[in-house]
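**Student:** My structure is stored as target_16.cif, with mmCIF, C-alpha atoms.
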```
data_run
#
loop_
_atom_site.group_PDB
_atom_site.id
_atom_site.type_symbol
_atom_site.label_atom_id
_atom_site.label_comp_id
_atom_site.auth_asym_id
_atom_site.auth_seq_id
_atom_site.Cartn_x
_atom_site.Cartn_y
_atom_site.Cartn_z
ATOM 1 C CA MET C 536 120.540 109.317 86.657
ATOM 2 C CA GLN C 537 119.136 105.915 85.680
ATOM 3 C CA GLU C 538 121.946 104.092 87.478
ATOM 4 C CA LEU C 539 121.383 106.244 90.579
ATOM 5 C CA PHE C 540 117.700 105.311 90.585
ATOM 6 C CA LYS C 541 118.543 101.598 90.237
ATOM 7 C CA LEU C 542 120.995 101.844 93.121
ATOM 8 C CA ASN C 543 118.411 103.460 95.421
ATOM 9 C CA TYR C 544 115.694 101.081 94.235
ATOM 10 C CA GLU C 545 117.796 98.020 95.097
ATOM 11 C CA ARG C 546 118.699 99.570 98.447
ATOM 12 C CA LYS C 547 115.057 100.113 99.372
ATOM 13 C CA ARG C 548 114.126 96.693 97.968
ATOM 14 C CA SER C 549 116.605 94.892 100.212
ATOM 15 C CA ARG C 550 115.437 96.854 103.286
ATOM 16 C CA TYR C 551 111.773 96.232 102.340
ATOM 17 C CA LEU C 552 112.329 92.466 102.182
ATOM 18 C CA GLU C 553 113.896 92.619 105.647
ATOM 19 C CA GLY C 554 110.800 94.412 106.953
ATOM 20 C CA TYR C 555 112.264 97.918 107.255
ATOM 21 C CA CYS C 556 110.963 101.204 105.835
ATOM 22 C CA SER C 557 113.146 103.790 104.077
ATOM 23 C CA PRO C 558 111.774 107.267 104.948
ATOM 24 C CA PHE C 559 114.861 109.099 103.661
ATOM 25 C CA LEU C 560 114.689 107.420 100.225
ATOM 26 C CA ASP C 561 110.916 107.991 100.139
ATOM 27 C CA ARG C 562 111.359 111.748 100.639
ATOM 28 C CA ILE C 563 114.334 112.223 98.321
ATOM 29 C CA VAL C 564 114.132 109.608 95.548
ATOM 30 C CA PHE C 565 110.565 108.308 95.305
ATOM 31 C CA LYS C 566 108.706 111.516 96.166
ATOM 32 C CA LYS C 567 108.232 112.485 92.488
ATOM 33 C CA ILE C 568 106.736 109.100 91.614
ATOM 34 C CA ARG C 569 104.413 109.323 94.598
ATOM 35 C CA ARG C 570 103.278 112.798 93.479
ATOM 36 C CA LEU C 571 102.193 111.397 90.089
ATOM 37 C CA LEU C 572 99.365 109.664 91.947
ATOM 38 C CA GLY C 573 98.487 112.681 94.084
ATOM 39 C CA GLY C 574 100.932 112.108 96.919
ATOM 40 C CA LYS C 575 98.288 110.853 99.368
ATOM 41 C CA LEU C 576 97.883 107.259 98.239
ATOM 42 C CA ARG C 577 97.555 104.940 101.230
ATOM 43 C CA GLY C 578 97.096 101.597 99.480
ATOM 44 C CA VAL C 579 96.414 99.885 96.144
ATOM 45 C CA LEU C 580 94.234 96.801 95.686
ATOM 46 C CA SER C 581 94.609 94.852 92.422
ATOM 47 C CA GLY C 582 91.967 92.322 91.438
ATOM 48 C CA GLY C 583 91.266 92.468 87.710
ATOM 49 C CA ALA C 584 93.916 89.945 86.673
ATOM 50 C CA PRO C 585 97.015 88.243 88.146
ATOM 51 C CA LEU C 586 99.649 90.810 89.074
ATOM 52 C CA ASN C 587 103.197 89.864 88.149
ATOM 53 C CA ALA C 588 105.364 89.457 91.268
ATOM 54 C CA GLU C 589 108.085 91.830 90.067
ATOM 55 C CA THR C 590 105.509 94.428 89.013
ATOM 56 C CA GLN C 591 103.871 94.229 92.430
ATOM 57 C CA ARG C 592 107.220 94.627 94.186
ATOM 58 C CA PHE C 593 108.154 97.583 91.937
ATOM 59 C CA MET C 594 104.849 99.335 92.687
ATOM 60 C CA ASN C 595 105.215 98.690 96.414
ATOM 61 C CA ILE C 596 108.623 100.329 96.453
ATOM 62 C CA CYS C 597 108.073 103.234 94.066
ATOM 63 C CA MET C 598 104.577 104.246 95.185
ATOM 64 C CA CYS C 599 105.574 104.149 98.867
ATOM 65 C CA CYS C 600 102.380 102.369 99.864
ATOM 66 C CA PRO C 601 101.108 98.762 100.145
ATOM 67 C CA VAL C 602 100.077 97.140 96.842
ATOM 68 C CA VAL C 603 98.132 93.918 97.475
ATOM 69 C CA GLN C 604 95.970 91.543 95.476
ATOM 70 C CA GLY C 605 92.433 90.336 95.949
ATOM 71 C CA TYR C 606 90.507 87.520 94.283
ATOM 72 C CA GLY C 607 86.875 87.232 93.341
ATOM 73 C CA LEU C 608 84.444 86.732 90.495
ATOM 74 C CA THR C 609 81.115 88.154 89.392
ATOM 75 C CA GLU C 610 79.447 85.057 90.876
ATOM 76 C CA THR C 611 81.020 85.782 94.282
ATOM 77 C CA CYS C 612 79.651 89.347 94.338
ATOM 78 C CA GLY C 613 83.098 90.867 94.711
ATOM 79 C CA ALA C 614 86.066 89.694 96.714
ATOM 80 C CA ALA C 615 86.386 86.165 98.081
ATOM 81 C CA CYS C 616 89.988 86.739 99.234
ATOM 82 C CA VAL C 617 91.976 89.885 100.061
ATOM 83 C CA ALA C 618 95.665 89.987 101.007
ATOM 84 C CA ASP C 619 96.785 91.701 104.214
ATOM 85 C CA ILE C 620 98.507 95.064 103.701
ATOM 86 C CA ASN C 621 101.243 93.945 106.104
ATOM 87 C CA ASP C 622 102.065 90.873 104.003
ATOM 88 C CA LEU C 623 105.369 91.693 102.276
ATOM 89 C CA SER C 624 105.289 88.641 100.004
ATOM 90 C CA THR C 625 104.095 88.769 96.380
ATOM 91 C CA GLY C 626 101.784 86.560 94.358
ATOM 92 C CA THR C 627 99.294 85.801 97.125
ATOM 93 C CA VAL C 628 95.654 86.933 96.967
ATOM 94 C CA GLY C 629 95.353 86.540 100.719
ATOM 95 C CA PRO C 630 93.048 84.547 103.014
ATOM 96 C CA PRO C 631 89.266 84.195 102.482
ATOM 97 C CA VAL C 632 87.054 87.069 103.605
ATOM 98 C CA ARG C 633 84.805 86.274 106.574
ATOM 99 C CA CYS C 634 81.727 85.413 104.536
ATOM 100 C CA SER C 635 83.543 83.003 102.174
ATOM 101 C CA ASP C 636 84.219 79.309 102.669
ATOM 102 C CA ILE C 637 86.888 78.042 100.245
ATOM 103 C CA ALA C 638 87.704 74.425 99.416
ATOM 104 C CA LEU C 639 90.201 72.889 96.987
ATOM 105 C CA ARG C 640 88.853 70.096 94.773
ATOM 106 C CA GLU C 641 91.159 67.525 93.232
ATOM 107 C CA TRP C 642 91.807 67.769 89.483
ATOM 108 C CA PRO C 643 93.658 64.539 88.557
ATOM 109 C CA GLU C 644 94.195 65.494 84.907
ATOM 110 C CA GLY C 645 96.361 68.457 85.876
ATOM 111 C CA GLY C 646 98.013 66.692 88.827
ATOM 112 C CA TYR C 647 96.455 69.031 91.408
ATOM 113 C CA SER C 648 95.220 67.606 94.720
ATOM 114 C CA PRO C 649 94.460 68.877 98.253
ATOM 115 C CA PHE C 650 96.769 66.059 99.405
ATOM 116 C CA ASN C 651 99.763 67.524 97.572
ATOM 117 C CA ASP C 652 102.401 69.374 99.561
ATOM 118 C CA PRO C 653 101.439 72.217 99.500
ATOM 119 C CA PRO C 654 97.686 71.563 98.979
ATOM 120 C CA GLN C 655 96.444 72.405 95.477
ATOM 121 C CA GLY C 656 93.213 72.068 93.532
ATOM 122 C CA GLU C 657 90.294 73.774 91.834
ATOM 123 C CA ILE C 658 88.965 76.621 93.956
ATOM 124 C CA LEU C 659 85.399 76.120 95.196
ATOM 125 C CA ILE C 660 83.697 79.010 96.986
ATOM 126 C CA SER C 661 80.622 78.939 99.226
ATOM 127 C CA GLY C 662 79.026 81.514 101.502
ATOM 128 C CA GLU C 663 76.459 84.273 101.816
ATOM 129 C CA ASN C 664 78.103 86.290 99.036
ATOM 130 C CA ILE C 665 77.688 83.561 96.397
ATOM 131 C CA SER C 666 75.079 83.940 93.662
ATOM 132 C CA PRO C 667 72.332 81.276 93.667
ATOM 133 C CA GLY C 668 72.906 80.663 89.943
ATOM 134 C CA TYR C 669 72.615 82.096 86.443
ATOM 135 C CA TRP C 670 69.416 83.839 85.351
ATOM 136 C CA LYS C 671 67.313 81.465 83.219
ATOM 137 C CA GLN C 672 70.331 79.180 82.544
ATOM 138 C CA PRO C 673 69.599 75.992 84.532
ATOM 139 C CA GLU C 674 72.155 73.859 82.633
ATOM 140 C CA LYS C 675 74.968 76.356 83.199
ATOM 141 C CA THR C 676 73.912 76.723 86.856
ATOM 142 C CA ALA C 677 73.994 72.951 87.371
ATOM 143 C CA GLU C 678 77.463 72.834 85.788
ATOM 144 C CA ASP C 679 79.107 75.577 87.861
ATOM 145 C CA PHE C 680 77.165 75.502 91.147
ATOM 146 C CA ILE C 681 77.845 72.066 92.591
ATOM 147 C CA THR C 682 77.194 70.190 95.822
ATOM 148 C CA TYR C 683 80.493 69.222 97.387
ATOM 149 C CA LYS C 684 80.683 67.482 100.772
ATOM 150 C CA GLY C 685 77.028 68.352 101.404
ATOM 151 C CA LYS C 686 77.399 72.059 100.657
ATOM 152 C CA VAL C 687 76.691 74.171 97.539
ATOM 153 C CA TYR C 688 79.857 75.662 96.075
ATOM 154 C CA PHE C 689 80.646 77.738 93.014
ATOM 155 C CA ALA C 690 83.297 75.979 90.910
ATOM 156 C CA THR C 691 85.593 78.778 89.722
ATOM 157 C CA GLY C 692 87.738 76.828 87.244
ATOM 158 C CA ASP C 693 90.819 78.459 88.817
ATOM 159 C CA ILE C 694 93.566 76.356 90.377
ATOM 160 C CA GLY C 695 94.689 77.491 93.814
ATOM 161 C CA GLN C 696 97.491 76.606 96.193
ATOM 162 C CA LYS C 697 97.222 77.023 99.954
ATOM 163 C CA ARG C 698 100.123 78.536 101.881
ATOM 164 C CA ASP C 699 101.012 77.615 105.456
ATOM 165 C CA ASP C 700 99.572 80.925 106.709
ATOM 166 C CA GLY C 701 96.160 80.138 105.175
ATOM 167 C CA SER C 702 96.416 82.541 102.238
ATOM 168 C CA LEU C 703 95.827 81.481 98.664
ATOM 169 C CA LEU C 704 97.923 81.576 95.496
ATOM 170 C CA ILE C 705 96.264 81.398 92.057
ATOM 171 C CA ILE C 706 98.607 79.146 90.099
ATOM 172 C CA ASP C 707 96.614 78.041 87.058
ATOM 173 C CA ARG C 708 93.271 77.865 85.285
ATOM 174 C CA LYS C 709 91.665 74.681 83.977
ATOM 175 C CA LYS C 710 90.607 76.216 80.668
ATOM 176 C CA ASP C 711 94.058 77.722 80.075
ATOM 177 C CA LEU C 712 95.938 74.446 80.511
ATOM 178 C CA VAL C 713 96.811 72.627 77.275
ATOM 179 C CA LYS C 714 98.399 69.187 76.942
ATOM 180 C CA LEU C 715 100.916 68.957 74.097
ATOM 181 C CA GLN C 716 101.622 65.926 71.921
ATOM 182 C CA HIS C 717 104.313 64.424 74.171
ATOM 183 C CA GLY C 718 102.290 64.854 77.361
ATOM 184 C CA GLU C 719 103.684 68.169 78.650
ATOM 185 C CA TYR C 720 101.180 70.554 80.184
ATOM 186 C CA VAL C 721 101.539 74.256 79.373
ATOM 187 C CA SER C 722 99.662 77.020 81.190
ATOM 188 C CA LEU C 723 98.795 79.520 78.464
ATOM 189 C CA ALA C 724 97.907 82.228 81.000
ATOM 190 C CA LYS C 725 101.273 81.807 82.751
ATOM 191 C CA VAL C 726 103.189 82.252 79.475
ATOM 192 C CA GLU C 727 101.062 85.252 78.469
ATOM 193 C CA CYS C 728 101.554 86.894 81.865
ATOM 194 C CA ALA C 729 105.340 86.497 81.560
ATOM 195 C CA LEU C 730 105.533 87.810 77.994
ATOM 196 C CA LEU C 731 103.190 90.754 78.593
ATOM 197 C CA ASN C 732 105.928 92.219 80.779
ATOM 198 C CA CYS C 733 108.181 92.477 77.735
ATOM 199 C CA PRO C 734 108.164 96.123 76.543
ATOM 200 C CA ILE C 735 107.956 95.112 72.862
ATOM 201 C CA VAL C 736 104.574 93.420 73.494
ATOM 202 C CA ASP C 737 101.244 95.255 73.721
ATOM 203 C CA ASN C 738 99.112 92.122 73.802
ATOM 204 C CA ILE C 739 99.597 88.406 73.240
ATOM 205 C CA CYS C 740 97.550 85.223 72.907
ATOM 206 C CA VAL C 741 99.408 81.913 73.206
ATOM 207 C CA TYR C 742 97.865 78.904 71.476
ATOM 208 C CA GLY C 743 98.623 75.210 71.822
ATOM 209 C CA SER C 744 97.254 72.087 70.166
ATOM 210 C CA SER C 745 97.263 68.579 71.637
ATOM 211 C CA MET C 746 98.377 67.361 68.204
ATOM 212 C CA GLU C 747 101.566 69.463 68.285
ATOM 213 C CA ASP C 748 104.695 69.464 70.461
ATOM 214 C CA SER C 749 105.000 73.251 70.926
ATOM 215 C CA VAL C 750 102.959 76.405 71.398
ATOM 216 C CA VAL C 751 102.672 79.380 69.050
ATOM 217 C CA ALA C 752 101.667 82.980 69.711
ATOM 218 C CA LEU C 753 99.678 85.818 68.185
ATOM 219 C CA VAL C 754 101.341 89.075 69.204
ATOM 220 C CA VAL C 755 100.181 92.676 69.013
ATOM 221 C CA PRO C 756 103.568 94.455 68.996
ATOM 222 C CA ASN C 757 104.355 97.817 70.515
ATOM 223 C CA GLN C 758 104.705 100.131 67.504
ATOM 224 C CA LYS C 759 107.614 102.227 68.792
ATOM 225 C CA HIS C 760 109.701 99.190 69.679
ATOM 226 C CA LEU C 761 108.753 97.511 66.410
ATOM 227 C CA GLU C 762 109.968 100.560 64.500
ATOM 228 C CA LYS C 763 113.316 100.373 66.325
ATOM 229 C CA ILE C 764 113.634 96.687 65.438
ATOM 230 C CA ALA C 765 112.755 97.411 61.800
ATOM 231 C CA GLU C 766 115.323 100.208 61.677
ATOM 232 C CA SER C 767 118.031 97.938 63.111
ATOM 233 C CA GLU C 768 117.235 95.389 60.398
ATOM 234 C CA GLY C 769 117.518 97.986 57.639
ATOM 235 C CA VAL C 770 113.774 98.147 56.961
ATOM 236 C CA SER C 771 112.862 101.749 56.180
ATOM 237 C CA THR C 772 109.055 101.559 56.358
ATOM 238 C CA SER C 773 107.182 102.592 59.508
ATOM 239 C CA GLU C 774 103.853 101.286 58.226
ATOM 240 C CA MET C 775 102.565 98.790 60.803
ATOM 241 C CA LYS C 776 101.257 96.130 58.401
ATOM 242 C CA ALA C 777 104.432 96.156 56.310
ATOM 243 C CA MET C 778 106.655 95.780 59.388
ATOM 244 C CA CYS C 779 104.532 92.917 60.745
ATOM 245 C CA GLU C 780 104.863 91.037 57.435
ATOM 246 C CA ASP C 781 108.601 91.580 56.951
ATOM 247 C CA LYS C 782 110.431 88.288 57.618
ATOM 248 C CA LYS C 783 113.589 89.967 58.925
ATOM 249 C CA VAL C 784 111.585 92.081 61.370
ATOM 250 C CA VAL C 785 109.577 89.060 62.571
ATOM 251 C CA ALA C 786 112.765 87.016 63.083
ATOM 252 C CA ALA C 787 114.473 89.818 65.061
ATOM 253 C CA TYR C 788 111.296 90.384 67.110
ATOM 254 C CA LYS C 789 111.025 86.654 67.892
ATOM 255 C CA LYS C 790 114.664 86.601 69.027
ATOM 256 C CA GLN C 791 114.031 89.407 71.539
ATOM 257 C CA LEU C 792 110.873 87.654 72.743
ATOM 258 C CA GLU C 793 112.826 84.430 73.291
ATOM 259 C CA GLU C 794 115.483 86.296 75.279
ATOM 260 C CA HIS C 795 112.782 87.753 77.527
ATOM 261 C CA SER C 796 111.201 84.274 77.865
ATOM 262 C CA LYS C 797 114.475 82.820 79.136
ATOM 263 C CA LYS C 798 114.897 85.697 81.602
ATOM 264 C CA SER C 799 111.361 84.953 82.818
ATOM 265 C CA LYS C 800 112.452 81.320 83.351
ATOM 266 C CA LEU C 801 109.975 79.814 80.904
ATOM 267 C CA SER C 802 110.757 76.235 79.914
ATOM 268 C CA ARG C 803 111.498 75.138 76.357
ATOM 269 C CA THR C 804 107.930 73.903 75.810
ATOM 270 C CA GLU C 805 106.497 77.177 77.142
ATOM 271 C CA ILE C 806 108.430 79.446 74.750
ATOM 272 C CA PRO C 807 106.402 80.037 71.537
ATOM 273 C CA ALA C 808 108.109 78.200 68.665
ATOM 274 C CA ALA C 809 106.547 80.533 66.101
ATOM 275 C CA ILE C 810 104.845 83.911 66.242
ATOM 276 C CA HIS C 811 102.563 86.035 64.099
ATOM 277 C CA LEU C 812 102.640 89.811 64.459
ATOM 278 C CA CYS C 813 99.149 91.312 64.327
ATOM 279 C CA PRO C 814 99.060 94.884 62.965
ATOM 280 C CA ASP C 815 95.566 95.573 64.338
ATOM 281 C CA ILE C 816 95.036 96.425 68.014
ATOM 282 C CA TRP C 817 92.640 94.109 69.865
ATOM 283 C CA THR C 818 89.743 95.908 71.546
ATOM 284 C CA PRO C 819 86.375 95.006 73.117
ATOM 285 C CA ASP C 820 84.727 96.536 70.033
ATOM 286 C CA SER C 821 86.519 94.026 67.794
ATOM 287 C CA GLY C 822 85.098 91.198 69.918
ATOM 288 C CA LEU C 823 88.547 89.859 70.847
ATOM 289 C CA LEU C 824 88.701 91.315 74.378
ATOM 290 C CA THR C 825 86.207 91.527 77.216
ATOM 291 C CA GLU C 826 85.158 94.875 78.668
ATOM 292 C CA ALA C 827 87.801 94.249 81.351
ATOM 293 C CA LEU C 828 90.383 93.914 78.525
ATOM 294 C CA LYS C 829 90.869 90.175 79.066
ATOM 295 C CA LEU C 830 91.416 87.834 76.117
ATOM 296 C CA LYS C 831 88.443 86.132 74.517
ATOM 297 C CA ARG C 832 90.413 83.023 73.639
ATOM 298 C CA LYS C 833 87.836 81.272 71.456
ATOM 299 C CA PRO C 834 86.927 84.317 69.286
ATOM 300 C CA ILE C 835 90.656 85.026 68.804
ATOM 301 C CA GLN C 836 91.245 81.424 67.761
ATOM 302 C CA THR C 837 88.314 81.577 65.335
ATOM 303 C CA ALA C 838 89.474 84.879 63.819
ATOM 304 C CA TYR C 839 93.082 83.691 63.371
ATOM 305 C CA GLN C 840 92.570 79.950 62.782
ATOM 306 C CA LYS C 841 94.143 80.000 59.306
ATOM 307 C CA THR C 842 97.144 81.940 60.643
ATOM 308 C CA LEU C 843 97.588 79.432 63.494
ATOM 309 C CA ASP C 844 97.408 76.523 61.059
ATOM 310 C CA ASP C 845 100.006 78.204 58.829
ATOM 311 C CA LEU C 846 102.365 78.685 61.805
ATOM 312 C CA TYR C 847 102.237 74.978 62.599
ATOM 313 C CA LYS C 848 102.666 74.049 58.927
ATOM 314 C CA GLN C 849 105.801 76.212 58.811
ATOM 315 C CA LEU C 850 107.159 74.519 61.942
ATOM 316 C CA ARG C 851 106.624 71.056 60.430
ATOM 317 C CA LYS C 852 108.562 72.085 57.314
ATOM 318 C CA ASN C 853 111.479 73.250 59.423
#
```
Can you turn what I pasted into structure tokens?
**Tutor:**
Amino acid sequence: MQELFKLNYERKRSRYLEGYCSPFLDRIVFKKIRRLLGGKLRGVLSGGAPLNAETQRFMNICMCCPVVQGYGLTETCGAACVADINDLSTGTVGPPVRCSDIALREWPEGGYSPFNDPPQGEILISGENISPGYWKQPEKTAEDFITYKGKVYFATGDIGQKRDDGSLLIIDRKKDLVKLQHGEYVSLAKVECALLNCPIVDNICVYGSSMEDSVVALVVPNQKHLEKIAESEGVSTSEMKAMCEDKKVVAAYKKQLEEHSKKSKLSRTEIPAAIHLCPDIWTPDSGLLTEALKLKRKPIQTAYQKTLDDLYKQLRKN
């Protein structure tokens, strides 16, 4: 049954990329999946976080409706960009909405410039939908709301890339870019996005230091998959803390994570050289995630600083 589904999925995928619909497959194969969401879904808009290209394509095909991305921030009062439902490509957040004026500002440190081919740079947004500033925070307002080419823009801190059709790709974030000891830049968010698609991972925070030549990772493992790994390594316990501390389990888990990293085409410097399995789930209540379930990088680093230091010490010994 699984092989039959894969066969039909690939068939519809190839037709979808050519611009054709597959009404027969929709009625016979994907009807049950569509019914899980009520059967009347006409479109899905994703905007909380970057949507993996393969995930977006999978949803497009299986849900039998357009799945597109949008881009915006609290300071832009909602969307600044929204992709067209007829755009069959993945990864794009679309062109600016009518009320938004978007510019790309050069960031020499990261090698991003509007004069690159294609144009790249920090995304600046201006328009009627932009907040005038932060309430009673003049210093923060002066830092993020800047005058650029005679116009007030909100500096998002996100790195964008302009496509030939005028739509925008979010390719990086200034705060998530770390420069390693030998000069390589690693996008922590990119690595986390790739590894979050691994079924053995529930959550992950990648950390890099400019004094080191590799990155390490704090991983919240999926319990069911961790139990399978422990069983395959001859570890009888199903207690989360004990499994996370077992060296054989950690080594086998890291091996599977590395295999997924290579499949995701991460470079050698992007693959975590050491990992720590965290038995406790990260939640907004613990102060490690935002209400939108995004990582709070600094609080996580503070909470696990000793663990991160120990990971690097272990790497130096090896």
**Student:** Since I can't run it myself right now, could you work out what the PyMOL selection byres ((chain C and resi 639) around 10) selects here and report it as a PyMOL selection string?
**Tutor:** chain C and resi 637-638+640-642+647-650+654-660+690+693-697
**Student:** Hey, could you make a per-residue contact list for segment 727-803 of chain C against segment 589-612 of chain C with 12 Å as the cut-off, showing the nearest pair of atoms and its distance in Å to one decimal, counting all atoms listed in the file, sorted by chain and number, as a tab-separated table?
**Tutor:**
```
residue	atom	partner	partner_atom	distance
C:Cys728	CA	C:Thr590	CA	11.1
C:Ala729	CA	C:Glu589	CA	10.4
C:Leu731	CA	C:Thr590	CA	11.3
C:Asn732	CA	C:Thr590	CA	8.5
C:Cys733	CA	C:Thr590	CA	11.8
C:Ser799	CA	C:Glu589	CA	10.5
```
**Student:** Let's have the selection written as a PDB file, in the frame of the given file, with C-alpha atoms.
**Tutor:**
```pdb
ATOM      1  CA  CYS C 728     101.554  86.894  81.865  1.00  0.00           C
ATOM      2  CA  ALA C 729     105.340  86.497  81.560  1.00  0.00           C
ATOM      3  CA  LEU C 731     103.190  90.754  78.593  1.00  0.00           C
ATOM      4  CA  ASN C 732     105.928  92.219  80.779  1.00  0.00           C
ATOM      5  CA  CYS C 733     108.181  92.477  77.735  1.00  0.00           C
ATOM      6  CA  SER C 799     111.361  84.953  82.818  1.00  0.00           C
TER       7      SER C 799
END
```
**Student:** Identify which of the residues C:Gln791, C:Leu812, C:Tyr742, C:Val770 lies closest to Gln840 of chain C, counting all atoms listed in the file when measuring atom-to-atom distances.
**Tutor:**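 Distance minimum relative to Gln840 of chain C lands on C:Tyr742.
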**Student:** Run through the PyMOL selection byres ((chain C and resi 727) around 12) on the given coordinates and return the selected residues as number ranges by chain.
**Tutor:** C: 584-585, 587, 711, 721-726, 728-733, 736-742, 750-754, 792, 796, 799, 801, 805-807, 829-830, 832
**Student:** Once the PyMOL selection byres ((chain C and resi 765-767) around 10) has been applied to the shown file, what residues remain in the selection, as JSON, numbers by chain?
**Tutor:** {"C": [759, 760, 761, 762, 763, 764, 768, 769, 770, 771, 772, 773, 778, 779, 781, 783, 784, 785, 787, 788]}
**Student:** Counting only C-alpha atoms, which of C:Gly574, C:Gly646, C:Gly583, C:Gly718 gets nearest to Leu828 of chain C?
**Tutor:**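 Closest residue, counting only C-alpha atoms: C:Gly583.
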**Student:** I'd like the interatomic distance between atom CA of Arg851 of chain C and atom CA of Ala808 of chain C, to a tenth of an Å.
**Tutor:**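 Calculated distance between atom CA of Arg851 of chain C and atom CA of Ala808 of chain C is 11.0 Å.
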**Student:** Have a look at atom CA of Gly701 of chain C and atom CA of Gly626 of chain C and let me know their distance in Å, one decimal.
**Tutor:**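 According to the coordinates, atom CA of Gly701 of chain C and atom CA of Gly626 of chain C are separated by 13.8 Å.
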**Student:** Compare C:Ala677, C:Gly629, C:Glu719, C:Ala809 by their minimum atom-to-atom distance to Leu704 of chain C, counting only C-alpha atoms, and give me the closest one.
**Tutor:**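 With only C-alpha atoms as the atom set, the closest residue is C:Gly629.
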**Student:** May I ask for the distance between atom CA of Ser745 of chain C and atom CA of Lys798 of chain C, given in Å to one decimal place?
**Tutor:**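 Atom CA of Lys798 of chain C lies at a distance of 26.5 Å from atom CA of Ser745 of chain C.
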**Student:** Please fill the gaps in segment 730-742 of chain C so it has N, CA, C and O atoms, and write that as a compact mmCIF listing (two decimals), in the coordinates of the input.
**Tutor:**
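To be explicit, this is the file written out as rebuild-v7.txt:
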```txt
# COMPACT_ATOMS: atom_id res chain seq x y z
N LEU C 730 105.14 87.10 79.21
CA LEU C 730 105.53 87.81 77.99
C LEU C 730 104.91 89.20 77.90
O LEU C 730 105.43 90.07 77.21
N LEU C 731 103.80 89.42 78.59
CA LEU C 731 103.19 90.75 78.59
C LEU C 731 104.07 91.78 79.30
O LEU C 731 103.90 92.98 79.10
N ASN C 732 105.01 91.31 80.11
CA ASN C 732 105.93 92.22 80.78
C ASN C 732 107.07 92.66 79.88
O ASN C 732 107.87 93.51 80.27
N CYS C 733 107.15 92.07 78.70
CA CYS C 733 108.18 92.48 77.74
C CYS C 733 107.74 93.78 77.08
O CYS C 733 106.61 93.88 76.57
N PRO C 734 108.58 94.82 77.07
CA PRO C 734 108.16 96.12 76.54
C PRO C 734 107.81 96.13 75.05
O PRO C 734 107.10 97.04 74.60
N ILE C 735 108.26 95.13 74.30
CA ILE C 735 107.96 95.11 72.86
C ILE C 735 106.56 94.53 72.58
O ILE C 735 106.12 94.51 71.45
N VAL C 736 105.88 94.06 73.65
CA VAL C 736 104.57 93.42 73.49
C VAL C 736 103.47 94.31 74.05
O VAL C 736 103.54 94.75 75.20
N ASP C 737 102.44 94.55 73.24
CA ASP C 737 101.24 95.26 73.72
C ASP C 737 100.17 94.27 74.17
O ASP C 737 99.44 94.51 75.12
N ASN C 738 100.05 93.18 73.43
CA ASN C 738 99.11 92.12 73.80
C ASN C 738 99.57 90.81 73.16
O ASN C 738 100.28 90.84 72.15
N ILE C 739 99.16 89.71 73.75
CA ILE C 739 99.60 88.41 73.24
C ILE C 739 98.59 87.33 73.59
O ILE C 739 97.98 87.36 74.66
N CYS C 740 98.40 86.40 72.67
CA CYS C 740 97.55 85.22 72.91
C CYS C 740 98.36 84.00 72.50
O CYS C 740 98.76 83.87 71.34
N VAL C 741 98.64 83.13 73.47
CA VAL C 741 99.41 81.91 73.21
C VAL C 741 98.42 80.79 72.91
O VAL C 741 97.39 80.65 73.57
N TYR C 742 98.76 79.98 71.91
CA TYR C 742 97.86 78.90 71.48
C TYR C 742 98.64 77.59 71.43
O TYR C 742 99.79 77.56 71.00
```
